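Colleague: mmCIF, C-alpha atoms, file final.cif:
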data_final
loop_
_atom_site.label_atom_id
_atom_site.label_comp_id
_atom_site.auth_asym_id
_atom_site.auth_seq_id
_atom_site.Cartn_x
_atom_site.Cartn_y
_atom_site.Cartn_z
CA MET A 26 22.92 191.68 -17.49
CA THR A 27 20.64 191.32 -20.47
CA HIS A 28 21.39 189.04 -23.38
CA LEU A 29 22.74 190.71 -26.50
CA ARG A 30 20.41 191.12 -29.41
CA GLU A 31 21.46 189.87 -32.80
CA ARG A 32 22.78 192.36 -35.33
CA PRO A 33 23.06 191.95 -39.09
CA GLU A 34 26.50 191.14 -40.44
CA THR A 35 28.16 194.48 -41.14
CA ALA A 36 31.74 195.72 -41.29
CA PRO A 37 32.88 195.75 -37.62
CA ASP A 38 34.34 199.25 -37.76
CA ALA A 39 31.10 200.61 -39.22
CA ILE A 40 29.11 198.89 -36.47
CA LEU A 41 31.24 200.33 -33.68
CA GLU A 42 31.07 203.80 -35.22
CA ALA A 43 27.29 203.56 -35.48
CA MET A 44 27.03 202.38 -31.88
CA ALA A 45 29.19 205.24 -30.66
CA ASN A 46 27.16 207.77 -32.64
CA GLU A 47 23.90 206.29 -31.35
CA ILE A 48 24.82 206.68 -27.71
CA GLY A 49 26.36 210.07 -28.38
CA ALA A 50 23.20 211.46 -29.94
CA GLY A 51 21.50 212.10 -26.60
CA ALA A 52 22.33 214.12 -23.51
CA ARG A 53 25.76 214.01 -21.98
CA LEU A 54 26.25 210.82 -19.99
CA ARG A 55 26.94 210.96 -16.26
CA VAL A 56 30.06 208.90 -16.86
CA VAL A 57 33.66 209.44 -15.84
CA ALA A 58 35.64 207.79 -18.64
CA ILE A 59 39.17 206.70 -17.72
CA ASP A 60 41.33 205.20 -20.47
CA GLY A 61 44.97 204.27 -20.61
CA PRO A 62 47.47 201.49 -21.29
CA VAL A 63 48.17 198.51 -19.07
CA ALA A 64 49.47 199.37 -15.57
CA SER A 65 48.79 203.09 -15.97
CA GLY A 66 46.80 203.06 -12.72
CA LYS A 67 43.34 203.06 -14.29
CA THR A 68 41.74 200.49 -12.05
CA VAL A 69 43.05 201.58 -8.66
CA ILE A 70 42.48 205.26 -9.41
CA GLY A 71 39.07 204.62 -10.94
CA LYS A 72 38.04 202.61 -7.89
CA ALA A 73 39.12 205.40 -5.52
CA VAL A 74 37.31 208.05 -7.57
CA ALA A 75 34.14 205.93 -7.65
CA GLU A 76 34.25 205.38 -3.89
CA ARG A 77 34.64 209.10 -3.16
CA LEU A 78 31.82 210.01 -5.53
CA ASP A 79 29.69 207.13 -4.22
CA TRP A 80 29.23 206.00 -7.83
CA PRO A 81 29.48 202.43 -9.15
CA MET A 82 32.55 201.50 -11.15
CA LEU A 83 32.98 199.19 -14.11
CA ASP A 84 36.44 198.04 -15.16
CA THR A 85 35.53 196.90 -18.67
CA GLY A 86 38.73 194.87 -18.83
CA ILE A 87 37.24 192.20 -16.59
CA MET A 88 34.65 191.45 -19.26
CA TYR A 89 37.38 190.68 -21.80
CA ARG A 90 39.31 188.70 -19.19
CA ALA A 91 36.27 186.63 -18.28
CA LEU A 92 35.59 185.87 -21.93
CA THR A 93 39.26 184.94 -22.40
CA TRP A 94 39.06 182.53 -19.47
CA ALA A 95 35.94 180.97 -20.97
CA ALA A 96 37.68 180.62 -24.34
CA ILE A 97 40.64 178.86 -22.73
CA GLU A 98 38.37 176.57 -20.70
CA ARG A 99 36.46 175.61 -23.84
CA GLY A 100 39.59 174.76 -25.81
CA LEU A 101 39.57 177.69 -28.22
CA PHE A 102 43.34 178.11 -27.77
CA PRO A 103 44.55 174.75 -29.13
CA ASP A 104 47.99 173.80 -27.75
CA GLY A 105 48.66 177.43 -26.99
CA GLY A 106 48.13 178.41 -30.62
CA ALA A 107 46.11 181.26 -32.09
CA PRO A 108 42.33 180.96 -31.69
CA ASP A 109 39.83 181.09 -34.53
CA PRO A 110 38.39 184.64 -34.46
CA ALA A 111 35.00 183.37 -35.61
CA ALA A 112 34.91 180.97 -32.67
CA LEU A 113 35.67 183.81 -30.26
CA VAL A 114 32.89 185.93 -31.75
CA GLY A 115 30.52 183.00 -31.47
CA LEU A 116 31.45 182.57 -27.82
CA ALA A 117 30.93 186.28 -27.13
CA ARG A 118 27.46 186.06 -28.67
CA GLU A 119 26.47 182.90 -26.81
CA VAL A 120 27.57 183.45 -23.23
CA LYS A 121 25.95 185.59 -20.57
CA LEU A 122 28.31 187.76 -18.54
CA THR A 123 27.03 188.81 -15.13
CA VAL A 124 28.88 191.55 -13.23
CA GLY A 125 28.33 191.72 -9.48
CA THR A 126 29.88 192.99 -6.27
CA PRO A 127 33.26 191.55 -5.27
CA SER A 128 33.52 189.08 -2.41
CA ASP A 129 35.15 190.17 0.84
CA GLY A 130 38.91 190.30 0.47
CA SER A 131 38.84 190.10 -3.32
CA PRO A 132 41.43 192.29 -5.09
CA GLU A 133 38.98 192.81 -7.96
CA THR A 134 36.64 195.77 -8.29
CA ALA A 135 33.76 193.44 -9.19
CA SER A 136 32.91 189.79 -9.56
CA ILE A 137 32.03 188.35 -12.95
CA ALA A 138 30.42 185.09 -13.98
CA VAL A 139 30.24 183.40 -17.38
CA ASP A 140 26.97 181.48 -17.75
CA GLY A 141 26.84 181.28 -13.97
CA ALA A 142 30.43 180.04 -13.51
CA ASP A 143 32.54 182.41 -11.40
CA ALA A 144 35.45 183.65 -13.51
CA THR A 145 36.72 186.11 -10.91
CA PRO A 146 39.51 183.95 -9.41
CA HIS A 147 40.98 183.37 -12.86
CA LEU A 148 41.07 186.93 -14.21
CA ARG A 149 44.76 187.53 -13.37
CA SER A 150 46.10 184.08 -14.24
CA LYS A 151 49.10 183.89 -16.55
CA ALA A 152 47.05 182.14 -19.22
CA VAL A 153 44.49 184.95 -19.24
CA GLU A 154 47.18 187.67 -19.03
CA ASP A 155 48.91 186.22 -22.09
CA ALA A 156 45.77 185.88 -24.20
CA VAL A 157 43.43 188.72 -23.27
CA SER A 158 44.85 191.27 -25.73
CA VAL A 159 44.38 188.78 -28.56
CA VAL A 160 40.75 188.16 -27.63
CA ALA A 161 40.04 191.87 -27.15
CA SER A 162 41.48 192.69 -30.59
CA VAL A 163 38.81 190.66 -32.43
CA PRO A 164 36.31 193.17 -33.90
CA GLY A 165 33.22 191.03 -33.37
CA VAL A 166 34.16 190.44 -29.74
CA ARG A 167 34.53 194.15 -29.10
CA GLU A 168 31.17 194.82 -30.73
CA ARG A 169 29.40 192.51 -28.32
CA MET A 170 31.23 193.83 -25.27
CA VAL A 171 30.68 197.47 -26.24
CA GLU A 172 26.96 196.92 -26.65
CA GLN A 173 26.68 195.66 -23.08
CA GLN A 174 28.90 198.43 -21.73
CA GLN A 175 26.86 201.13 -23.47
CA ALA A 176 23.65 199.72 -22.01
CA MET A 177 25.18 200.01 -18.54
CA ALA A 178 26.38 203.56 -19.22
CA ARG A 179 22.83 204.63 -20.05
CA GLU A 180 21.39 203.28 -16.81
CA ARG A 181 22.99 205.57 -14.22
CA GLU A 182 26.07 207.56 -13.26
CA MET A 183 29.23 205.49 -13.37
CA VAL A 184 33.02 205.51 -13.42
CA MET A 185 34.11 203.41 -16.41
CA VAL A 186 37.67 202.22 -16.90
CA GLY A 187 39.16 200.67 -20.03
CA ARG A 188 40.94 201.34 -23.29
CA ASP A 189 38.09 202.63 -25.48
CA ILE A 190 35.67 204.28 -23.05
CA GLY A 191 36.09 207.85 -24.27
CA THR A 192 36.59 206.90 -27.92
CA VAL A 193 33.79 204.36 -28.39
CA VAL A 194 31.81 203.25 -25.33
CA ALA A 195 30.89 206.67 -23.92
CA GLN A 196 31.85 209.42 -26.34
CA GLU A 197 29.48 211.79 -24.52
CA ALA A 198 30.97 211.12 -21.08
CA LEU A 199 30.83 213.95 -18.58
CA VAL A 200 34.62 213.91 -18.41
CA LYS A 201 37.30 211.91 -20.21
CA ILE A 202 40.69 211.21 -18.70
CA TYR A 203 43.67 209.55 -20.34
CA LEU A 204 46.04 208.09 -17.76
CA ASP A 205 49.60 207.21 -18.66
CA ALA A 206 53.06 206.70 -17.18
CA SER A 207 56.48 205.82 -18.52
CA ASP A 208 57.17 202.25 -19.61
CA ALA A 209 59.59 201.80 -16.72
CA VAL A 210 57.10 202.98 -14.11
CA ARG A 211 54.27 200.91 -15.54
CA ALA A 212 56.47 197.80 -15.68
CA ARG A 213 57.53 198.30 -12.07
CA ARG A 214 53.92 198.65 -10.95
CA ARG A 215 52.84 195.55 -12.82
CA ALA A 216 55.79 193.52 -11.51
CA GLU A 217 54.95 194.50 -7.93
CA GLN A 218 51.32 193.54 -8.47
CA MET A 219 52.24 190.17 -9.94
CA ARG A 220 54.74 189.36 -7.20
CA ALA A 221 52.20 190.29 -4.55
CA SER A 222 49.89 187.66 -6.04
CA GLY A 223 52.63 185.04 -5.81
CA ARG A 224 53.92 185.04 -9.38
CA ARG A 225 57.67 184.91 -9.96
CA VAL A 226 58.66 187.33 -12.72
CA THR A 227 61.69 189.38 -13.70
CA ASP A 228 61.56 193.08 -14.50
CA ASP A 229 62.62 192.41 -18.10
CA GLU A 230 59.87 189.82 -18.58
CA VAL A 231 57.24 192.25 -17.37
CA LEU A 232 58.57 195.13 -19.47
CA ASN A 233 58.66 193.01 -22.63
CA ASP A 234 55.13 191.72 -22.04
CA LEU A 235 53.88 195.25 -21.36
CA ARG A 236 55.31 196.47 -24.67
CA ARG A 237 53.82 193.46 -26.47
CA ARG A 238 50.39 194.24 -25.09
CA ASP A 239 50.76 197.95 -25.87
CA ALA A 240 51.53 197.09 -29.50
CA ILE A 241 48.43 194.91 -29.76
CA ASP A 242 46.16 197.44 -28.02
CA GLN A 243 47.40 200.41 -30.04
CA GLY A 244 47.66 198.59 -33.36
CA ARG A 245 44.35 196.76 -33.56
CA ALA A 246 42.10 197.78 -36.42
CA THR A 247 38.99 198.21 -34.29
CA ALA A 248 38.82 200.61 -31.32
CA PRO A 249 42.58 200.90 -30.78
CA LEU A 250 43.89 202.42 -27.58
CA ARG A 251 44.26 206.15 -28.12
CA ARG A 252 43.51 209.43 -26.42
CA ALA A 253 39.88 210.48 -26.88
CA GLY A 254 39.06 213.90 -28.25
CA GLY A 255 38.59 216.28 -25.36
CA ALA A 256 40.31 213.98 -22.86
CA VAL A 257 42.49 215.41 -20.10
CA ASP A 258 45.97 213.87 -20.07
CA VAL A 259 47.26 212.75 -16.66
CA ASP A 260 50.79 211.34 -16.51
CA THR A 261 51.31 209.67 -13.14
CA SER A 262 54.97 208.70 -13.59
CA GLY A 263 56.12 210.90 -10.73
CA ASP A 264 53.06 210.60 -8.50
CA ASP A 265 52.38 208.46 -5.48
CA LEU A 266 48.93 206.87 -5.48
CA GLU A 267 47.16 209.48 -3.35
CA THR A 268 48.55 212.34 -5.43
CA ALA A 269 47.36 210.68 -8.64
CA ILE A 270 43.90 210.10 -7.15
CA GLU A 271 43.60 213.72 -6.04
CA ARG A 272 44.67 214.99 -9.47
CA VAL A 273 41.97 212.96 -11.17
CA LEU A 274 39.36 213.88 -8.55
CA ALA A 275 40.07 217.57 -9.09
CA ILE A 276 39.37 217.14 -12.81
CA VAL A 277 36.15 215.23 -12.10
CA ARG A 278 34.93 217.76 -9.52
CA ARG A 279 35.38 220.62 -12.00
CA ALA A 280 33.41 218.70 -14.60
CA LEU A 281 30.62 217.98 -12.11
CA CYS A 282 30.41 221.63 -11.09
CA ASP A 283 30.26 222.72 -14.73
CA SER A 284 27.63 220.14 -15.68
CA PRO A 285 24.09 221.55 -16.16
CA ALA A 286 22.74 218.40 -14.52
CA SER A 287 25.00 218.74 -11.49
CA ASP A 288 23.30 218.37 -8.14
CA GLY A 289 26.15 220.21 -6.49
CA ARG A 290 27.53 217.10 -4.82
CA SER A 291 31.24 216.43 -4.96
CA ALA A 292 33.55 214.02 -3.25
#
Rewrite the coordinates I just gave you, this time as structure tokens.
Modeller:
Amino acid sequence: MTHLRERPETAPDAILEAMANEIGAGARLRVVAIDGPVASGKTVIGKAVAERLDWPMLDTGIMYRALTWAAIERGLFPDGGAPDPAALVGLAREVKLTVGTPSDGSPETASIAVDGADATPHLRSKAVEDAVSVVASVPGVRERMVEQQQAMAREREMVMVGRDIGTVVAQEALVKIYLDASDAVRARRRAEQMRASGRRVTDDEVLNDLRRRDAIDQGRATAPLRRAGGAVDVDTSGDDLETAIERVLAIVRRALCDSPASDGRSA
């Protein structure tokens, strides 16, 4: 992944808007944009869609998680306290994030290294889980991450998963999908995932943390989590995994068939 170029100091919201407009000025991107809150099924559904399309997938959340891990390792969260936003922005500007293929048996959709150090095993740690929404809410951090994500979106077709793909990263995506589910369903899914990884949690702990993260994601000043204009809403509360995957695939197939650049291939 290329290093980020320096930008003049400008209001973060204005920068993100300009970046979104810049990438949106050209032809429609061959990108499937999947947004949604924590534990809405974005990653597992996005991975399945990418595999059936034979497209690469980027879960943009791993970039924020890797940066969060690096911030913790470098002592930017003193005694568990709030980090200095300027220090986080400085870290985002300085480090090189490298996204690669996951190792055999890895639960992640990709591997990611920070300045050559493998962050992948630490992405789902409690320390990272607790801090990632704070790091991702810093405007200057999002600016640097978005710039890298947009460069990747320009390169080739891709399934991109996150919280601001359709609203900021790829406004001209071929299709935008907003995944959601009830709080209770999302909390159950997250609890099952955490227990499967060996963490001991109660349902109430998971539900409270989910709502805390929702509030941060939806309330941040820059690129808050919200439904993108033109996005198709998919509520998976009552779906099993395969049903949810097929619902999303049907939406993507229609978009591919309707696209002027379509080569006629579908999953």
Colleague: For Ala111 of chain A, which residue among A:Val160, A:Ala209, A:Val194, A:Glu154 is the nearest when counting all atoms listed in the file?
Modeller: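 Of A:Val160, A:Ala209, A:Val194, A:Glu154, the one nearest Ala111 of chain A is A:Val160, counting all atoms listed in the file.
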Colleague: Report, in Å to a single decimal, how far apart atom CA of Glu168 of chain A and atom CA of Leu113 of chain A are.
Modeller: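 So the two atoms, atom CA of Leu113 of chain A and atom CA of Glu168 of chain A, lie 11.9 Å apart.
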Colleague: Considering only C-alpha atoms, state which residue in the set A:Arg99, A:Arg215, A:Arg90, A:Arg55 is at the smallest distance from Ser150 of chain A.
Modeller: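 Of A:Arg99, A:Arg215, A:Arg90, A:Arg55, the one nearest Ser150 of chain A, counting only C-alpha atoms, is A:Arg90.
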Colleague: In Å to one decimal, how far is atom CA of Gly61 of chain A from atom CA of Val257 of chain A?
Modeller: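 So the two atoms, atom CA of Val257 of chain A and atom CA of Gly61 of chain A, lie 11.4 Å apart.
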Colleague: Please list as a list of chain:residue names every residue within 12 Å of Gly130 of chain A, counting all atoms listed in the file and excluding residues in the same chain fewer than 5 positions away.
Modeller: A:Ala135, A:Ser136, A:Pro146
Colleague: With C-alpha atoms retained, export the selected residues as a compact mmCIF listing (two decimals), in the coordinates of the input.
Modeller:
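Output below, filename selection_2.txt:
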# COMPACT_ATOMS: atom_id res chain seq x y z
CA ALA A 135 33.76 193.44 -9.19
CA SER A 136 32.91 189.79 -9.56
CA PRO A 146 39.51 183.95 -9.41
Colleague: Which residue gives the smallest distance to Glu76 of chain A among A:Val200, A:Ala240, A:Met183, A:Leu266, with only C-alpha atoms counted?
Modeller: A:Met183
Colleague: Name the residues within 8 Å of (61.5, 197.2, -19.4), counting all atoms listed in the file in the file's coordinates, and put them as a list in words.
Modeller: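 Within 8 Å of (61.5, 197.2, -19.4), the protein and nucleic acid residues are Asp208, Ala209, Ala212, Asp228, Asp229, Glu230, Val231, Leu232 and Asn233 of chain A.
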Colleague: Give me a file of those residues, with C-alpha atoms, as a short mmCIF file (atom, residue, chain, number, x, y, z; two decimals), in the coordinates of the input.
Modeller:
data_model
loop_
_atom_site.label_atom_id
_atom_site.label_comp_id
_atom_site.auth_asym_id
_atom_site.auth_seq_id
_atom_site.Cartn_x
_atom_site.Cartn_y
_atom_site.Cartn_z
CA ASP A 208 57.17 202.25 -19.61
CA ALA A 209 59.59 201.80 -16.72
CA ALA A 212 56.47 197.80 -15.68
CA ASP A 228 61.56 193.08 -14.50
CA ASP A 229 62.62 192.41 -18.10
CA GLU A 230 59.87 189.82 -18.58
CA VAL A 231 57.24 192.25 -17.37
CA LEU A 232 58.57 195.13 -19.47
CA ASN A 233 58.66 193.01 -22.63
#
Colleague: Could you check how far atom CA of Ile241 of chain A sits from atom CA of Val120 of chain A, in Å to one decimal?
Modeller: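 A separation of 24.7 Å between them.
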Colleague: Which residue out of A:Lys151, A:Val259, A:Leu83, A:Arg181 has the minimum interatomic distance to Arg225 of chain A when all atoms listed in the file are used?
Modeller: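 Answer, going by the shortest atom-to-atom distance: A:Lys151.
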Colleague: Between A:Val184, A:Val139, A:Val226, A:Cys282, which has the minimum distance to Thr68 of chain A (counting only C-alpha atoms)?
Modeller: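 Of A:Val184, A:Val139, A:Val226, A:Cys282, the one nearest Thr68 of chain A is A:Val184, counting only C-alpha atoms.
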Colleague: Around (40.2, 219.8, -13.4), as given in the file, which residues come within 12 Å? Count only C-alpha atoms and list them as an mmCIF file with C-alpha atoms, in the coordinates of the input.
Modeller:
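What landed in point-v3.cif:
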data_model
loop_
_atom_site.group_PDB
_atom_site.id
_atom_site.type_symbol
_atom_site.label_atom_id
_atom_site.label_comp_id
_atom_site.auth_asym_id
_atom_site.auth_seq_id
_atom_site.Cartn_x
_atom_site.Cartn_y
_atom_site.Cartn_z
ATOM 1 C CA VAL A 200 34.620 213.910 -18.410
ATOM 2 C CA LYS A 201 37.300 211.910 -20.210
ATOM 3 C CA ILE A 202 40.690 211.210 -18.700
ATOM 4 C CA ALA A 256 40.310 213.980 -22.860
ATOM 5 C CA VAL A 257 42.490 215.410 -20.100
ATOM 6 C CA ASP A 258 45.970 213.870 -20.070
ATOM 7 C CA VAL A 259 47.260 212.750 -16.660
ATOM 8 C CA GLU A 271 43.600 213.720 -6.040
ATOM 9 C CA ARG A 272 44.670 214.990 -9.470
ATOM 10 C CA VAL A 273 41.970 212.960 -11.170
ATOM 11 C CA LEU A 274 39.360 213.880 -8.550
ATOM 12 C CA ALA A 275 40.070 217.570 -9.090
ATOM 13 C CA ILE A 276 39.370 217.140 -12.810
ATOM 14 C CA VAL A 277 36.150 215.230 -12.100
ATOM 15 C CA ARG A 278 34.930 217.760 -9.520
ATOM 16 C CA ARG A 279 35.380 220.620 -12.000
ATOM 17 C CA ALA A 280 33.410 218.700 -14.600
ATOM 18 C CA LEU A 281 30.620 217.980 -12.110
ATOM 19 C CA CYS A 282 30.410 221.630 -11.090
ATOM 20 C CA ASP A 283 30.260 222.720 -14.730
#
Colleague: If you count only C-alpha atoms, which residues fall within 8 Å of Leu54 of chain A, apart from same-chain ones fewer than 6 positions away, as a count of residues only?
Modeller: 7
Colleague: Which residues are near Pro110 of chain A? Cut-off 9 Å, all atoms listed in the file, ignore same chain within fewer than 2 positions. Put them as a CSV table (one decimal) with C-alpha atoms, in the frame of the given file.
Modeller:
chain,number,residue,atom,x,y,z
A,107,ALA,CA,46.1,181.3,-32.1
A,108,PRO,CA,42.3,181.0,-31.7
A,112,ALA,CA,34.9,181.0,-32.7
A,113,LEU,CA,35.7,183.8,-30.3
A,114,VAL,CA,32.9,185.9,-31.8
A,115,GLY,CA,30.5,183.0,-31.5
A,160,VAL,CA,40.8,188.2,-27.6
A,163,VAL,CA,38.8,190.7,-32.4
A,164,PRO,CA,36.3,193.2,-33.9
A,165,GLY,CA,33.2,191.0,-33.4
A,166,VAL,CA,34.2,190.4,-29.7
Colleague: Find the residues near Ala138 of chain A: any atom within 7 Å, counting only C-alpha atoms, skip ones fewer than 2 places away on the same chain, and give them as a list of chain:residue names.
Modeller: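 In the requested format, the answer is A:Leu122, A:Thr123, A:Val124, A:Ser136, A:Asp140, A:Gly141, A:Ala142, A:Asp143, A:Ala144.
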Colleague: Out of A:Asp242, A:Asp60, A:Glu133, A:Asp205, which residue has the shortest atom-to-atom distance to Lys72 of chain A when counting only C-alpha atoms?
Modeller: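 Closest to Lys72 of chain A, using only C-alpha atoms: A:Glu133.
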Colleague: Give me the result of the PyMOL selection byres ((chain A and resi 262) around 10) on this file, residue by residue, as a list in words.
Modeller: Ser65, Gly66, Leu204, Asp205, Ala206, Ser207, Asp208, Ala209, Val210, Arg211, Val259, Asp260, Thr261, Gly263, Asp264, Asp265 and Ala269 of chain A
Colleague: I need the residue set behind the PyMOL selection byres ((chain A and resi 158) around 12) for this file; please write it as a short mmCIF file (atom, residue, chain, number, x, y, z; two decimals) with C-alpha atoms, in the coordinates of the input.
Modeller:
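Listed below is the output, expr.cif:
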data_model
loop_
_atom_site.label_atom_id
_atom_site.label_comp_id
_atom_site.auth_asym_id
_atom_site.auth_seq_id
_atom_site.Cartn_x
_atom_site.Cartn_y
_atom_site.Cartn_z
CA PRO A 62 47.47 201.49 -21.29
CA VAL A 63 48.17 198.51 -19.07
CA GLY A 86 38.73 194.87 -18.83
CA ILE A 87 37.24 192.20 -16.59
CA TYR A 89 37.38 190.68 -21.80
CA ARG A 90 39.31 188.70 -19.19
CA LEU A 92 35.59 185.87 -21.93
CA THR A 93 39.26 184.94 -22.40
CA ALA A 107 46.11 181.26 -32.09
CA ALA A 152 47.05 182.14 -19.22
CA VAL A 153 44.49 184.95 -19.24
CA GLU A 154 47.18 187.67 -19.03
CA ASP A 155 48.91 186.22 -22.09
CA ALA A 156 45.77 185.88 -24.20
CA VAL A 157 43.43 188.72 -23.27
CA VAL A 159 44.38 188.78 -28.56
CA VAL A 160 40.75 188.16 -27.63
CA ALA A 161 40.04 191.87 -27.15
CA SER A 162 41.48 192.69 -30.59
CA VAL A 163 38.81 190.66 -32.43
CA PRO A 164 36.31 193.17 -33.90
CA VAL A 166 34.16 190.44 -29.74
CA ARG A 167 34.53 194.15 -29.10
CA ARG A 188 40.94 201.34 -23.29
CA ASP A 234 55.13 191.72 -22.04
CA LEU A 235 53.88 195.25 -21.36
CA ARG A 236 55.31 196.47 -24.67
CA ARG A 237 53.82 193.46 -26.47
CA ARG A 238 50.39 194.24 -25.09
CA ASP A 239 50.76 197.95 -25.87
CA ALA A 240 51.53 197.09 -29.50
CA ILE A 241 48.43 194.91 -29.76
CA ASP A 242 46.16 197.44 -28.02
CA GLN A 243 47.40 200.41 -30.04
CA GLY A 244 47.66 198.59 -33.36
CA ARG A 245 44.35 196.76 -33.56
CA PRO A 249 42.58 200.90 -30.78
CA LEU A 250 43.89 202.42 -27.58
#
